[in-house]
file my_file13.pdb (PDB, N, CA and C atoms)
MODEL        1
ATOM      1  N   MET N 135      14.955 -10.952   3.911
ATOM      2  CA  MET N 135      14.120 -10.040   3.135
ATOM      3  C   MET N 135      14.952  -8.865   2.609
ATOM      4  N   LYS N 136      15.861  -8.357   3.436
ATOM      5  CA  LYS N 136      16.627  -7.190   3.006
ATOM      6  C   LYS N 136      17.380  -7.461   1.703
ATOM      7  N   GLN N 137      17.941  -8.643   1.558
ATOM      8  CA  GLN N 137      18.680  -8.965   0.337
ATOM      9  C   GLN N 137      17.763  -8.948  -0.892
ATOM     10  N   ARG N 138      16.546  -9.443  -0.728
ATOM     11  CA  ARG N 138      15.598  -9.427  -1.857
ATOM     12  C   ARG N 138      15.192  -8.008  -2.215
ATOM     13  N   VAL N 139      14.999  -7.175  -1.205
ATOM     14  CA  VAL N 139      14.640  -5.774  -1.454
ATOM     15  C   VAL N 139      15.808  -5.046  -2.112
ATOM     16  N   GLU N 140      17.033  -5.317  -1.667
ATOM     17  CA  GLU N 140      18.212  -4.717  -2.311
ATOM     18  C   GLU N 140      18.281  -5.101  -3.785
ATOM     19  N   GLN N 141      18.041  -6.367  -4.084
ATOM     20  CA  GLN N 141      18.061  -6.833  -5.469
ATOM     21  C   GLN N 141      16.942  -6.175  -6.278
ATOM     22  N   TYR N 142      15.773  -6.047  -5.675
ATOM     23  CA  TYR N 142      14.650  -5.379  -6.346
ATOM     24  C   TYR N 142      15.022  -3.949  -6.726
ATOM     25  N   PHE N 143      15.578  -3.195  -5.775
ATOM     26  CA  PHE N 143      15.943  -1.807  -6.069
ATOM     27  C   PHE N 143      17.062  -1.727  -7.103
ATOM     28  N   LYS N 144      17.993  -2.657  -7.077
ATOM     29  CA  LYS N 144      19.061  -2.684  -8.074
ATOM     30  C   LYS N 144      18.474  -2.893  -9.471
ATOM     31  N   GLU N 145      17.574  -3.846  -9.600
ATOM     32  CA  GLU N 145      16.958  -4.123 -10.902
ATOM     33  C   GLU N 145      16.060  -2.977 -11.356
ATOM     34  N   LEU N 146      15.340  -2.364 -10.423
ATOM     35  CA  LEU N 146      14.521  -1.204 -10.777
ATOM     36  C   LEU N 146      15.407  -0.073 -11.273
ATOM     37  N   HIS N 147      16.496   0.193 -10.575
ATOM     38  CA  HIS N 147      17.423   1.248 -10.996
ATOM     39  C   HIS N 147      17.920   0.989 -12.419
ATOM     40  N   GLN N 148      18.300  -0.229 -12.707
ATOM     41  CA  GLN N 148      18.764  -0.562 -14.055
ATOM     42  C   GLN N 148      17.667  -0.346 -15.095
ATOM     43  N   ALA N 149      16.442  -0.647 -14.744
ATOM     44  CA  ALA N 149      15.322  -0.536 -15.690
ATOM     45  C   ALA N 149      14.985   0.914 -16.027
ATOM     46  N   ILE N 150      15.214   1.835 -15.100
ATOM     47  CA  ILE N 150      14.795   3.229 -15.321
ATOM     48  C   ILE N 150      15.963   4.202 -15.394
ATOM     49  N   ASP N 151      17.184   3.718 -15.351
ATOM     50  CA  ASP N 151      18.371   4.558 -15.231
ATOM     51  C   ASP N 151      18.463   5.663 -16.280
ATOM     52  N   LYS N 152      18.079   5.393 -17.500
ATOM     53  CA  LYS N 152      18.209   6.387 -18.580
ATOM     54  C   LYS N 152      17.218   7.547 -18.445
ATOM     55  N   GLU N 153      16.188   7.374 -17.625
ATOM     56  CA  GLU N 153      15.136   8.384 -17.515
ATOM     57  C   GLU N 153      15.258   9.273 -16.278
ATOM     58  N   ILE N 154      16.235   9.001 -15.407
ATOM     59  CA  ILE N 154      16.298   9.695 -14.119
ATOM     60  C   ILE N 154      17.648  10.379 -13.929
ATOM     61  N   GLU N 155      17.704  11.269 -12.929
ATOM     62  CA  GLU N 155      18.957  11.949 -12.603
ATOM     63  C   GLU N 155      19.726  11.218 -11.503
ATOM     64  N   ALA N 156      19.025  10.639 -10.522
ATOM     65  CA  ALA N 156      19.704   9.959  -9.410
ATOM     66  C   ALA N 156      18.764   8.941  -8.776
ATOM     67  N   PHE N 157      19.367   7.942  -8.127
ATOM     68  CA  PHE N 157      18.614   6.880  -7.448
ATOM     69  C   PHE N 157      19.378   6.538  -6.178
ATOM     70  N   THR N 158      18.776   6.788  -5.028
ATOM     71  CA  THR N 158      19.418   6.460  -3.759
ATOM     72  C   THR N 158      18.430   5.680  -2.887
ATOM     73  N   VAL N 159      18.979   4.876  -1.985
ATOM     74  CA  VAL N 159      18.148   4.114  -1.053
ATOM     75  C   VAL N 159      18.704   4.308   0.347
ATOM     76  N   GLU N 160      17.825   4.694   1.269
ATOM     77  CA  GLU N 160      18.167   4.793   2.681
ATOM     78  C   GLU N 160      17.576   3.585   3.385
ATOM     79  N   TRP N 161      18.380   2.951   4.236
ATOM     80  CA  TRP N 161      17.960   1.726   4.909
ATOM     81  C   TRP N 161      17.760   1.974   6.389
ATOM     82  N   ARG N 162      16.677   1.431   6.904
ATOM     83  CA  ARG N 162      16.432   1.379   8.336
ATOM     84  C   ARG N 162      16.272  -0.094   8.683
ATOM     85  N   GLN N 163      15.973  -0.406   9.907
ATOM     86  CA  GLN N 163      15.933  -1.813  10.312
ATOM     87  C   GLN N 163      14.975  -2.634   9.448
ATOM     88  N   TYR N 164      13.730  -2.198   9.335
ATOM     89  CA  TYR N 164      12.724  -2.944   8.564
ATOM     90  C   TYR N 164      12.061  -2.063   7.514
ATOM     91  N   GLU N 165      12.828  -1.148   6.942
ATOM     92  CA  GLU N 165      12.267  -0.229   5.963
ATOM     93  C   GLU N 165      13.367   0.263   5.028
ATOM     94  N   ALA N 166      12.977   0.468   3.786
ATOM     95  CA  ALA N 166      13.880   1.056   2.800
ATOM     96  C   ALA N 166      13.135   2.196   2.113
ATOM     97  N   LEU N 167      13.820   3.315   1.938
ATOM     98  CA  LEU N 167      13.253   4.476   1.263
ATOM     99  C   LEU N 167      14.092   4.765   0.031
ATOM    100  N   ALA N 168      13.515   4.531  -1.135
ATOM    101  CA  ALA N 168      14.187   4.861  -2.391
ATOM    102  C   ALA N 168      13.766   6.259  -2.806
ATOM    103  N   GLN N 169      14.743   7.055  -3.198
ATOM    104  CA  GLN N 169      14.502   8.406  -3.690
ATOM    105  C   GLN N 169      14.990   8.459  -5.131
ATOM    106  N   ILE N 170      14.052   8.609  -6.036
ATOM    107  CA  ILE N 170      14.361   8.611  -7.458
ATOM    108  C   ILE N 170      14.182  10.037  -7.957
ATOM    109  N   GLN N 171      15.286  10.684  -8.291
ATOM    110  CA  GLN N 171      15.227  12.089  -8.702
ATOM    111  C   GLN N 171      14.981  12.192 -10.198
ATOM    112  N   LEU N 172      13.915  12.939 -10.538
ATOM    113  CA  LEU N 172      13.575  13.165 -11.938
ATOM    114  C   LEU N 172      14.058  14.525 -12.414
ATOM    115  N   LYS N 173      13.982  15.509 -11.544
ATOM    116  CA  LYS N 173      14.426  16.885 -11.789
ATOM    117  C   LYS N 173      14.796  17.467 -10.436
ATOM    118  N   GLU N 174      15.339  18.656 -10.457
ATOM    119  CA  GLU N 174      15.586  19.337  -9.188
ATOM    120  C   GLU N 174      14.256  19.484  -8.448
ATOM    121  N   ASP N 175      14.215  19.035  -7.214
ATOM    122  CA  ASP N 175      13.021  19.097  -6.361
ATOM    123  C   ASP N 175      11.843  18.251  -6.835
ATOM    124  N   LEU N 176      12.079  17.272  -7.674
ATOM    125  CA  LEU N 176      11.007  16.358  -8.071
ATOM    126  C   LEU N 176      11.516  14.928  -7.971
ATOM    127  N   TYR N 177      10.837  14.161  -7.138
ATOM    128  CA  TYR N 177      11.235  12.790  -6.856
ATOM    129  C   TYR N 177      10.037  11.855  -6.922
ATOM    130  N   VAL N 178      10.344  10.596  -7.151
ATOM    131  CA  VAL N 178       9.426   9.503  -6.850
ATOM    132  C   VAL N 178      10.035   8.833  -5.624
ATOM    133  N   PHE N 179       9.247   8.706  -4.573
ATOM    134  CA  PHE N 179       9.685   8.030  -3.358
ATOM    135  C   PHE N 179       8.992   6.675  -3.291
ATOM    136  N   ILE N 180       9.759   5.652  -2.962
ATOM    137  CA  ILE N 180       9.205   4.320  -2.755
ATOM    138  C   ILE N 180       9.580   3.900  -1.345
ATOM    139  N   ILE N 181       8.580   3.625  -0.530
ATOM    140  CA  ILE N 181       8.799   3.197   0.846
ATOM    141  C   ILE N 181       8.401   1.728   0.939
ATOM    142  N   PHE N 182       9.378   0.898   1.218
ATOM    143  CA  PHE N 182       9.133  -0.542   1.348
ATOM    144  C   PHE N 182       9.378  -0.929   2.797
ATOM    145  N   SER N 183       8.361  -1.499   3.448
ATOM    146  CA  SER N 183       8.460  -1.899   4.851
ATOM    147  C   SER N 183       8.120  -3.370   4.978
ATOM    148  N   TRP N 184       8.748  -4.031   5.950
ATOM    149  CA  TRP N 184       8.458  -5.443   6.185
ATOM    150  C   TRP N 184       8.643  -5.774   7.657
ATOM    151  N   SER N 185       7.927  -6.798   8.101
ATOM    152  CA  SER N 185       8.125  -7.311   9.456
ATOM    153  C   SER N 185       8.691  -8.726   9.408
ATOM    154  N   ASP N 186       8.390  -9.433   8.323
ATOM    155  CA  ASP N 186       8.956 -10.763   8.099
ATOM    156  C   ASP N 186       8.808 -11.090   6.613
ATOM    157  N   GLU N 187       9.097 -12.313   6.246
ATOM    158  CA  GLU N 187       9.053 -12.719   4.836
ATOM    159  C   GLU N 187       7.647 -12.682   4.247
ATOM    160  N   GLU N 188       6.629 -12.779   5.092
ATOM    161  CA  GLU N 188       5.248 -12.857   4.625
ATOM    162  C   GLU N 188       4.485 -11.540   4.705
ATOM    163  N   ASP N 189       4.999 -10.582   5.464
ATOM    164  CA  ASP N 189       4.270  -9.348   5.723
ATOM    165  C   ASP N 189       5.095  -8.148   5.278
ATOM    166  N   CYS N 190       4.606  -7.460   4.236
ATOM    167  CA  CYS N 190       5.303  -6.276   3.754
ATOM    168  C   CYS N 190       4.307  -5.319   3.106
ATOM    169  N   THR N 191       4.737  -4.067   2.967
ATOM    170  CA  THR N 191       3.937  -3.052   2.284
ATOM    171  C   THR N 191       4.859  -2.212   1.416
ATOM    172  N   ILE N 192       4.270  -1.639   0.393
ATOM    173  CA  ILE N 192       4.996  -0.715  -0.466
ATOM    174  C   ILE N 192       4.096   0.487  -0.700
ATOM    175  N   GLU N 193       4.687   1.673  -0.604
ATOM    176  CA  GLU N 193       3.947   2.925  -0.785
ATOM    177  C   GLU N 193       4.756   3.836  -1.701
ATOM    178  N   TYR N 194       4.052   4.754  -2.343
ATOM    179  CA  TYR N 194       4.681   5.638  -3.323
ATOM    180  C   TYR N 194       4.273   7.083  -3.061
ATOM    181  N   MET N 195       5.191   7.991  -3.361
ATOM    182  CA  MET N 195       4.918   9.432  -3.296
ATOM    183  C   MET N 195       5.601  10.098  -4.485
ATOM    184  N   ILE N 196       5.021  11.174  -4.943
ATOM    185  CA  ILE N 196       5.619  11.992  -5.999
ATOM    186  C   ILE N 196       5.690  13.418  -5.472
ATOM    187  N   GLY N 197       6.807  14.091  -5.719
ATOM    188  CA  GLY N 197       6.942  15.493  -5.355
ATOM    189  C   GLY N 197       8.292  15.775  -4.729
ATOM    190  N   ASP N 198       8.336  16.856  -3.949
ATOM    191  CA  ASP N 198       9.549  17.165  -3.210
ATOM    192  C   ASP N 198       9.499  16.447  -1.869
ATOM    193  N   GLU N 199      10.350  16.833  -0.927
ATOM    194  CA  GLU N 199      10.377  16.130   0.368
ATOM    195  C   GLU N 199       9.072  16.262   1.148
ATOM    196  N   ASN N 200       8.203  17.182   0.753
ATOM    197  CA  ASN N 200       6.889  17.343   1.376
ATOM    198  C   ASN N 200       5.758  16.825   0.496
ATOM    199  N   ALA N 201       6.090  16.088  -0.535
ATOM    200  CA  ALA N 201       5.121  15.549  -1.497
ATOM    201  C   ALA N 201       4.369  16.657  -2.228
ATOM    202  N   VAL N 202       5.037  17.780  -2.433
ATOM    203  CA  VAL N 202       4.468  18.901  -3.179
ATOM    204  C   VAL N 202       5.006  18.852  -4.601
ATOM    205  N   ILE N 203       4.108  19.026  -5.559
ATOM    206  CA  ILE N 203       4.504  19.060  -6.967
ATOM    207  C   ILE N 203       4.375  20.498  -7.452
ATOM    208  N   GLN N 204       5.487  21.065  -7.888
ATOM    209  CA  GLN N 204       5.494  22.427  -8.421
ATOM    210  C   GLN N 204       4.960  22.417  -9.858
ATOM    211  N   THR N 205       4.358  23.503 -10.278
ATOM    212  CA  THR N 205       3.821  23.563 -11.641
ATOM    213  C   THR N 205       4.920  23.386 -12.684
ATOM    214  N   ARG N 206       6.139  23.787 -12.363
ATOM    215  CA  ARG N 206       7.239  23.629 -13.329
ATOM    216  C   ARG N 206       7.599  22.157 -13.564
ATOM    217  N   HIS N 207       7.056  21.259 -12.741
ATOM    218  CA  HIS N 207       7.356  19.838 -12.864
ATOM    219  C   HIS N 207       6.249  19.040 -13.546
ATOM    220  N   LEU N 208       5.205  19.690 -13.963
ATOM    221  CA  LEU N 208       4.077  18.969 -14.555
ATOM    222  C   LEU N 208       4.463  18.159 -15.788
ATOM    223  N   ASP N 209       5.500  18.593 -16.498
ATOM    224  CA  ASP N 209       5.941  17.856 -17.677
ATOM    225  C   ASP N 209       6.538  16.488 -17.328
ATOM    226  N   LYS N 210       6.853  16.252 -16.069
ATOM    227  CA  LYS N 210       7.448  14.978 -15.637
ATOM    228  C   LYS N 210       6.468  14.066 -14.892
ATOM    229  N   ILE N 211       5.223  14.490 -14.754
ATOM    230  CA  ILE N 211       4.251  13.690 -14.000
ATOM    231  C   ILE N 211       3.982  12.351 -14.681
ATOM    232  N   ASP N 212       3.840  12.336 -15.990
ATOM    233  CA  ASP N 212       3.611  11.069 -16.692
ATOM    234  C   ASP N 212       4.779  10.108 -16.482
ATOM    235  N   LEU N 213       6.011  10.628 -16.500
ATOM    236  CA  LEU N 213       7.179   9.803 -16.240
ATOM    237  C   LEU N 213       7.143   9.262 -14.814
ATOM    238  N   ALA N 214       6.790  10.101 -13.858
ATOM    239  CA  ALA N 214       6.718   9.664 -12.460
ATOM    240  C   ALA N 214       5.701   8.529 -12.288
ATOM    241  N   VAL N 215       4.541   8.681 -12.889
ATOM    242  CA  VAL N 215       3.513   7.637 -12.804
ATOM    243  C   VAL N 215       3.988   6.362 -13.496
ATOM    244  N   SER N 216       4.649   6.495 -14.618
ATOM    245  CA  SER N 216       5.189   5.338 -15.325
ATOM    246  C   SER N 216       6.216   4.600 -14.468
ATOM    247  N   ILE N 217       7.062   5.330 -13.768
ATOM    248  CA  ILE N 217       8.050   4.702 -12.881
ATOM    249  C   ILE N 217       7.357   3.965 -11.752
ATOM    250  N   ILE N 218       6.316   4.559 -11.191
ATOM    251  CA  ILE N 218       5.572   3.886 -10.117
ATOM    252  C   ILE N 218       4.936   2.598 -10.634
ATOM    253  N   LYS N 219       4.351   2.638 -11.810
ATOM    254  CA  LYS N 219       3.745   1.432 -12.375
ATOM    255  C   LYS N 219       4.793   0.353 -12.618
ATOM    256  N   THR N 220       5.933   0.736 -13.155
ATOM    257  CA  THR N 220       7.023  -0.217 -13.367
ATOM    258  C   THR N 220       7.504  -0.778 -12.044
ATOM    259  N   ALA N 221       7.710   0.095 -11.065
ATOM    260  CA  ALA N 221       8.185  -0.330  -9.750
ATOM    261  C   ALA N 221       7.213  -1.296  -9.099
ATOM    262  N   HIS N 222       5.931  -1.010  -9.197
ATOM    263  CA  HIS N 222       4.947  -1.866  -8.558
ATOM    264  C   HIS N 222       4.850  -3.229  -9.249
ATOM    265  N   GLN N 223       4.874  -3.231 -10.556
ATOM    266  CA  GLN N 223       4.831  -4.499 -11.286
ATOM    267  C   GLN N 223       6.041  -5.355 -10.951
ATOM    268  N   MET N 224       7.213  -4.749 -10.936
ATOM    269  CA  MET N 224       8.426  -5.497 -10.597
ATOM    270  C   MET N 224       8.366  -6.017  -9.163
ATOM    271  N   ALA N 225       7.874  -5.201  -8.242
ATOM    272  CA  ALA N 225       7.784  -5.618  -6.840
ATOM    273  C   ALA N 225       6.853  -6.812  -6.690
ATOM    274  N   LYS N 226       5.710  -6.772  -7.363
ATOM    275  CA  LYS N 226       4.772  -7.886  -7.268
ATOM    276  C   LYS N 226       5.354  -9.169  -7.862
ATOM    277  N   GLU N 227       6.180  -9.039  -8.890
ATOM    278  CA  GLU N 227       6.795 -10.208  -9.507
ATOM    279  C   GLU N 227       7.919 -10.785  -8.645
ATOM    280  N   LYS N 228       8.648  -9.939  -7.953
ATOM    281  CA  LYS N 228       9.866 -10.372  -7.274
ATOM    282  C   LYS N 228       9.699 -10.641  -5.787
ATOM    283  N   LEU N 229       8.672 -10.071  -5.165
ATOM    284  CA  LEU N 229       8.528 -10.170  -3.717
ATOM    285  C   LEU N 229       7.208 -10.860  -3.383
ATOM    286  N   ALA N 230       7.310 -12.069  -2.885
ATOM    287  CA  ALA N 230       6.133 -12.904  -2.627
ATOM    288  C   ALA N 230       5.133 -12.240  -1.690
ATOM    289  N   CYS N 231       5.606 -11.447  -0.750
ATOM    290  CA  CYS N 231       4.696 -10.820   0.202
ATOM    291  C   CYS N 231       3.762  -9.810  -0.453
ATOM    292  N   LEU N 232       4.057  -9.377  -1.678
ATOM    293  CA  LEU N 232       3.187  -8.430  -2.394
ATOM    294  C   LEU N 232       2.295  -9.100  -3.417
ATOM    295  N   GLN N 233       2.444 -10.362  -3.633
ATOM    296  CA  GLN N 233       1.674 -11.038  -4.676
ATOM    297  C   GLN N 233       0.205 -11.145  -4.343
ATOM    298  N   ARG N 234      -0.144 -10.960  -3.100
ATOM    299  CA  ARG N 234      -1.553 -11.008  -2.698
ATOM    300  C   ARG N 234      -2.250  -9.670  -2.901
ATOM    301  N   SER N 235      -1.462  -8.574  -3.041
ATOM    302  CA  SER N 235      -2.089  -7.244  -3.138
ATOM    303  C   SER N 235      -2.377  -6.846  -4.565
TER     304      SER N 235
ENDMDL
END
call {"tool": "encode", "arguments": {"input": "my_file13.pdb", "output": "structure tokens"}}
result
Amino acid sequence: MKQRVEQYFKELHQAIDKEIEAFTVEWRQYEALAQIQLKEDLYVFIIFSWSDEEDCTIEYMIGDENAVIQTRHLDKIDLAVSIIKTAHQMAKEKLACLQRS
């Protein structure tokens, strides 16, 4: 599963690279946390967790490390939502465990 998730994040990064400042992924045993920086202190976070090939979840957050959105970042909210929609569509297409959701 980890290899498929790595490929998913690589393809997502390529798809949105021109619109973002940075893209990093932190790996844990059964979880990956992607941090997509849109501006200083504004991120889209994607948390992908799995227990096996059939069981996985994906969650999204927008904001700083506390999921707080500053008023100075409101101009990037539409972009953040667009990235989440793109990320979710790609995940459902590429990862069988999400095709049921």
call {"tool": "resolve_selection", "arguments": {"input": "my_file13.pdb", "expression": "the PyMOL selection byres (((chain N and resi 206 and name CA) around 12) and name CA)", "output": "list in words"}}
result
Lys173, Glu174, Asp175, Leu176, Gly197, Val202, Ile203, Gln204, Thr205, His207, Leu208, Asp209, Lys210 and Ile211 of chain N
call {"tool": "closest_residue", "arguments": {"input": "my_file13.pdb", "among": "N:Thr191, N:Gln141, N:Gln171, N:Gln223", "to": "Thr158 (chain N)", "atoms": "all atoms listed in the file"}}
result
N:Gln171
call {"tool": "atom_distance", "arguments": {"input": "my_file13.pdb", "atom1": "atom N of Tyr164 (chain N)", "atom2": "atom N of Gln233 (chain N)"}}
result
19.0 Å
call {"tool": "atom_distance", "arguments": {"input": "my_file13.pdb", "atom1": "CA of Val215 (chain N)", "atom2": "CA of Asp189 (chain N)"}}
result
25.1 Å
call {"tool": "select_by_dssp", "arguments": {"input": "my_file13.pdb", "residues": "chain N", "states": "alpha helix (DSSP H)", "output": "PDB file with N, CA and C atoms, in the coordinates of the input"}}
result
ATOM      1  N   LYS N 136      15.861  -8.357   3.436  1.00  0.00           N
ATOM      2  CA  LYS N 136      16.627  -7.190   3.006  1.00  0.00           C
ATOM      3  C   LYS N 136      17.380  -7.461   1.703  1.00  0.00           C
ATOM      4  N   GLN N 137      17.941  -8.643   1.558  1.00  0.00           N
ATOM      5  CA  GLN N 137      18.680  -8.965   0.337  1.00  0.00           C
ATOM      6  C   GLN N 137      17.763  -8.948  -0.892  1.00  0.00           C
ATOM      7  N   ARG N 138      16.546  -9.443  -0.728  1.00  0.00           N
ATOM      8  CA  ARG N 138      15.598  -9.427  -1.857  1.00  0.00           C
ATOM      9  C   ARG N 138      15.192  -8.008  -2.215  1.00  0.00           C
ATOM     10  N   VAL N 139      14.999  -7.175  -1.205  1.00  0.00           N
ATOM     11  CA  VAL N 139      14.640  -5.774  -1.454  1.00  0.00           C
ATOM     12  C   VAL N 139      15.808  -5.046  -2.112  1.00  0.00           C
ATOM     13  N   GLU N 140      17.033  -5.317  -1.667  1.00  0.00           N
ATOM     14  CA  GLU N 140      18.212  -4.717  -2.311  1.00  0.00           C
ATOM     15  C   GLU N 140      18.281  -5.101  -3.785  1.00  0.00           C
ATOM     16  N   GLN N 141      18.041  -6.367  -4.084  1.00  0.00           N
ATOM     17  CA  GLN N 141      18.061  -6.833  -5.469  1.00  0.00           C
ATOM     18  C   GLN N 141      16.942  -6.175  -6.278  1.00  0.00           C
ATOM     19  N   TYR N 142      15.773  -6.047  -5.675  1.00  0.00           N
ATOM     20  CA  TYR N 142      14.650  -5.379  -6.346  1.00  0.00           C
ATOM     21  C   TYR N 142      15.022  -3.949  -6.726  1.00  0.00           C
ATOM     22  N   PHE N 143      15.578  -3.195  -5.775  1.00  0.00           N
ATOM     23  CA  PHE N 143      15.943  -1.807  -6.069  1.00  0.00           C
ATOM     24  C   PHE N 143      17.062  -1.727  -7.103  1.00  0.00           C
ATOM     25  N   LYS N 144      17.993  -2.657  -7.077  1.00  0.00           N
ATOM     26  CA  LYS N 144      19.061  -2.684  -8.074  1.00  0.00           C
ATOM     27  C   LYS N 144      18.474  -2.893  -9.471  1.00  0.00           C
ATOM     28  N   GLU N 145      17.574  -3.846  -9.600  1.00  0.00           N
ATOM     29  CA  GLU N 145      16.958  -4.123 -10.902  1.00  0.00           C
ATOM     30  C   GLU N 145      16.060  -2.977 -11.356  1.00  0.00           C
ATOM     31  N   LEU N 146      15.340  -2.364 -10.423  1.00  0.00           N
ATOM     32  CA  LEU N 146      14.521  -1.204 -10.777  1.00  0.00           C
ATOM     33  C   LEU N 146      15.407  -0.073 -11.273  1.00  0.00           C
ATOM     34  N   HIS N 147      16.496   0.193 -10.575  1.00  0.00           N
ATOM     35  CA  HIS N 147      17.423   1.248 -10.996  1.00  0.00           C
ATOM     36  C   HIS N 147      17.920   0.989 -12.419  1.00  0.00           C
ATOM     37  N   GLN N 148      18.300  -0.229 -12.707  1.00  0.00           N
ATOM     38  CA  GLN N 148      18.764  -0.562 -14.055  1.00  0.00           C
ATOM     39  C   GLN N 148      17.667  -0.346 -15.095  1.00  0.00           C
ATOM     40  N   ALA N 149      16.442  -0.647 -14.744  1.00  0.00           N
ATOM     41  CA  ALA N 149      15.322  -0.536 -15.690  1.00  0.00           C
ATOM     42  C   ALA N 149      14.985   0.914 -16.027  1.00  0.00           C
ATOM     43  N   ILE N 150      15.214   1.835 -15.100  1.00  0.00           N
ATOM     44  CA  ILE N 150      14.795   3.229 -15.321  1.00  0.00           C
ATOM     45  C   ILE N 150      15.963   4.202 -15.394  1.00  0.00           C
ATOM     46  N   ILE N 211       5.223  14.490 -14.754  1.00  0.00           N
ATOM     47  CA  ILE N 211       4.251  13.690 -14.000  1.00  0.00           C
ATOM     48  C   ILE N 211       3.982  12.351 -14.681  1.00  0.00           C
ATOM     49  N   ASP N 212       3.840  12.336 -15.990  1.00  0.00           N
ATOM     50  CA  ASP N 212       3.611  11.069 -16.692  1.00  0.00           C
ATOM     51  C   ASP N 212       4.779  10.108 -16.482  1.00  0.00           C
ATOM     52  N   LEU N 213       6.011  10.628 -16.500  1.00  0.00           N
ATOM     53  CA  LEU N 213       7.179   9.803 -16.240  1.00  0.00           C
ATOM     54  C   LEU N 213       7.143   9.262 -14.814  1.00  0.00           C
ATOM     55  N   ALA N 214       6.790  10.101 -13.858  1.00  0.00           N
ATOM     56  CA  ALA N 214       6.718   9.664 -12.460  1.00  0.00           C
ATOM     57  C   ALA N 214       5.701   8.529 -12.288  1.00  0.00           C
ATOM     58  N   VAL N 215       4.541   8.681 -12.889  1.00  0.00           N
ATOM     59  CA  VAL N 215       3.513   7.637 -12.804  1.00  0.00           C
ATOM     60  C   VAL N 215       3.988   6.362 -13.496  1.00  0.00           C
ATOM     61  N   SER N 216       4.649   6.495 -14.618  1.00  0.00           N
ATOM     62  CA  SER N 216       5.189   5.338 -15.325  1.00  0.00           C
ATOM     63  C   SER N 216       6.216   4.600 -14.468  1.00  0.00           C
ATOM     64  N   ILE N 217       7.062   5.330 -13.768  1.00  0.00           N
ATOM     65  CA  ILE N 217       8.050   4.702 -12.881  1.00  0.00           C
ATOM     66  C   ILE N 217       7.357   3.965 -11.752  1.00  0.00           C
ATOM     67  N   ILE N 218       6.316   4.559 -11.191  1.00  0.00           N
ATOM     68  CA  ILE N 218       5.572   3.886 -10.117  1.00  0.00           C
ATOM     69  C   ILE N 218       4.936   2.598 -10.634  1.00  0.00           C
ATOM     70  N   LYS N 219       4.351   2.638 -11.810  1.00  0.00           N
ATOM     71  CA  LYS N 219       3.745   1.432 -12.375  1.00  0.00           C
ATOM     72  C   LYS N 219       4.793   0.353 -12.618  1.00  0.00           C
ATOM     73  N   THR N 220       5.933   0.736 -13.155  1.00  0.00           N
ATOM     74  CA  THR N 220       7.023  -0.217 -13.367  1.00  0.00           C
ATOM     75  C   THR N 220       7.504  -0.778 -12.044  1.00  0.00           C
ATOM     76  N   ALA N 221       7.710   0.095 -11.065  1.00  0.00           N
ATOM     77  CA  ALA N 221       8.185  -0.330  -9.750  1.00  0.00           C
ATOM     78  C   ALA N 221       7.213  -1.296  -9.099  1.00  0.00           C
ATOM     79  N   HIS N 222       5.931  -1.010  -9.197  1.00  0.00           N
ATOM     80  CA  HIS N 222       4.947  -1.866  -8.558  1.00  0.00           C
ATOM     81  C   HIS N 222       4.850  -3.229  -9.249  1.00  0.00           C
ATOM     82  N   GLN N 223       4.874  -3.231 -10.556  1.00  0.00           N
ATOM     83  CA  GLN N 223       4.831  -4.499 -11.286  1.00  0.00           C
ATOM     84  C   GLN N 223       6.041  -5.355 -10.951  1.00  0.00           C
ATOM     85  N   MET N 224       7.213  -4.749 -10.936  1.00  0.00           N
ATOM     86  CA  MET N 224       8.426  -5.497 -10.597  1.00  0.00           C
ATOM     87  C   MET N 224       8.366  -6.017  -9.163  1.00  0.00           C
ATOM     88  N   ALA N 225       7.874  -5.201  -8.242  1.00  0.00           N
ATOM     89  CA  ALA N 225       7.784  -5.618  -6.840  1.00  0.00           C
ATOM     90  C   ALA N 225       6.853  -6.812  -6.690  1.00  0.00           C
ATOM     91  N   LYS N 226       5.710  -6.772  -7.363  1.00  0.00           N
ATOM     92  CA  LYS N 226       4.772  -7.886  -7.268  1.00  0.00           C
ATOM     93  C   LYS N 226       5.354  -9.169  -7.862  1.00  0.00           C
ATOM     94  N   GLU N 227       6.180  -9.039  -8.890  1.00  0.00           N
ATOM     95  CA  GLU N 227       6.795 -10.208  -9.507  1.00  0.00           C
ATOM     96  C   GLU N 227       7.919 -10.785  -8.645  1.00  0.00           C
ATOM     97  N   LYS N 228       8.648  -9.939  -7.953  1.00  0.00           N
ATOM     98  CA  LYS N 228       9.866 -10.372  -7.274  1.00  0.00           C
ATOM     99  C   LYS N 228       9.699 -10.641  -5.787  1.00  0.00           C
TER     100      LYS N 228
END
call {"tool": "axis_aligned_box", "arguments": {"input": "my_file13.pdb", "around": "region 183-200 of chain N", "padding_each_side": "8 Å", "output": "lines of an AutoDock Vina configuration file"}}
result
center_x = 7.2
center_y = 2.2
center_z = 1.7
size_x = 22.4
size_y = 46.2
size_z = 31.5
call {"tool": "closest_residue", "arguments": {"input": "my_file13.pdb", "among": "N:Ile154, N:Lys144, N:Glu165, N:Tyr194", "to": "Ile218 (chain N)", "atoms": "only N, CA and C atoms"}}
result
N:Tyr194
call {"tool": "closest_residue", "arguments": {"input": "my_file13.pdb", "among": "N:Leu229, N:Glu187, N:Phe182, N:Thr220", "to": "Gln148 (chain N)", "atoms": "only C-alpha atoms"}}
result
N:Thr220
call {"tool": "atom_distance", "arguments": {"input": "my_file13.pdb", "atom1": "CA of Glu140 (chain N)", "atom2": "atom C of Asn200 (chain N)"}}
result
25.0 Å
call {"tool": "closest_residue", "arguments": {"input": "my_file13.pdb", "among": "N:Ile180, N:Ala214, N:Val139, N:Met195", "to": "Glu153 (chain N)", "atoms": "only C-alpha atoms"}}
result
N:Ala214
call {"tool": "residues_around", "arguments": {"input": "my_file13.pdb", "residues": "Ile192 (chain N)", "least_positions_apart": "5", "cutoff": "9 Å", "atoms": "only C-alpha atoms", "output": "list in words"}}
result
Ile180, Ile181, Phe182, Ser183, Trp184, His222, Ala225 and Leu232 of chain N
call {"tool": "closest_residue", "arguments": {"input": "my_file13.pdb", "among": "N:Cys190, N:Leu146, N:Met135, N:Ala166", "to": "Met224 (chain N)", "atoms": "all atoms listed in the file"}}
result
N:Leu146
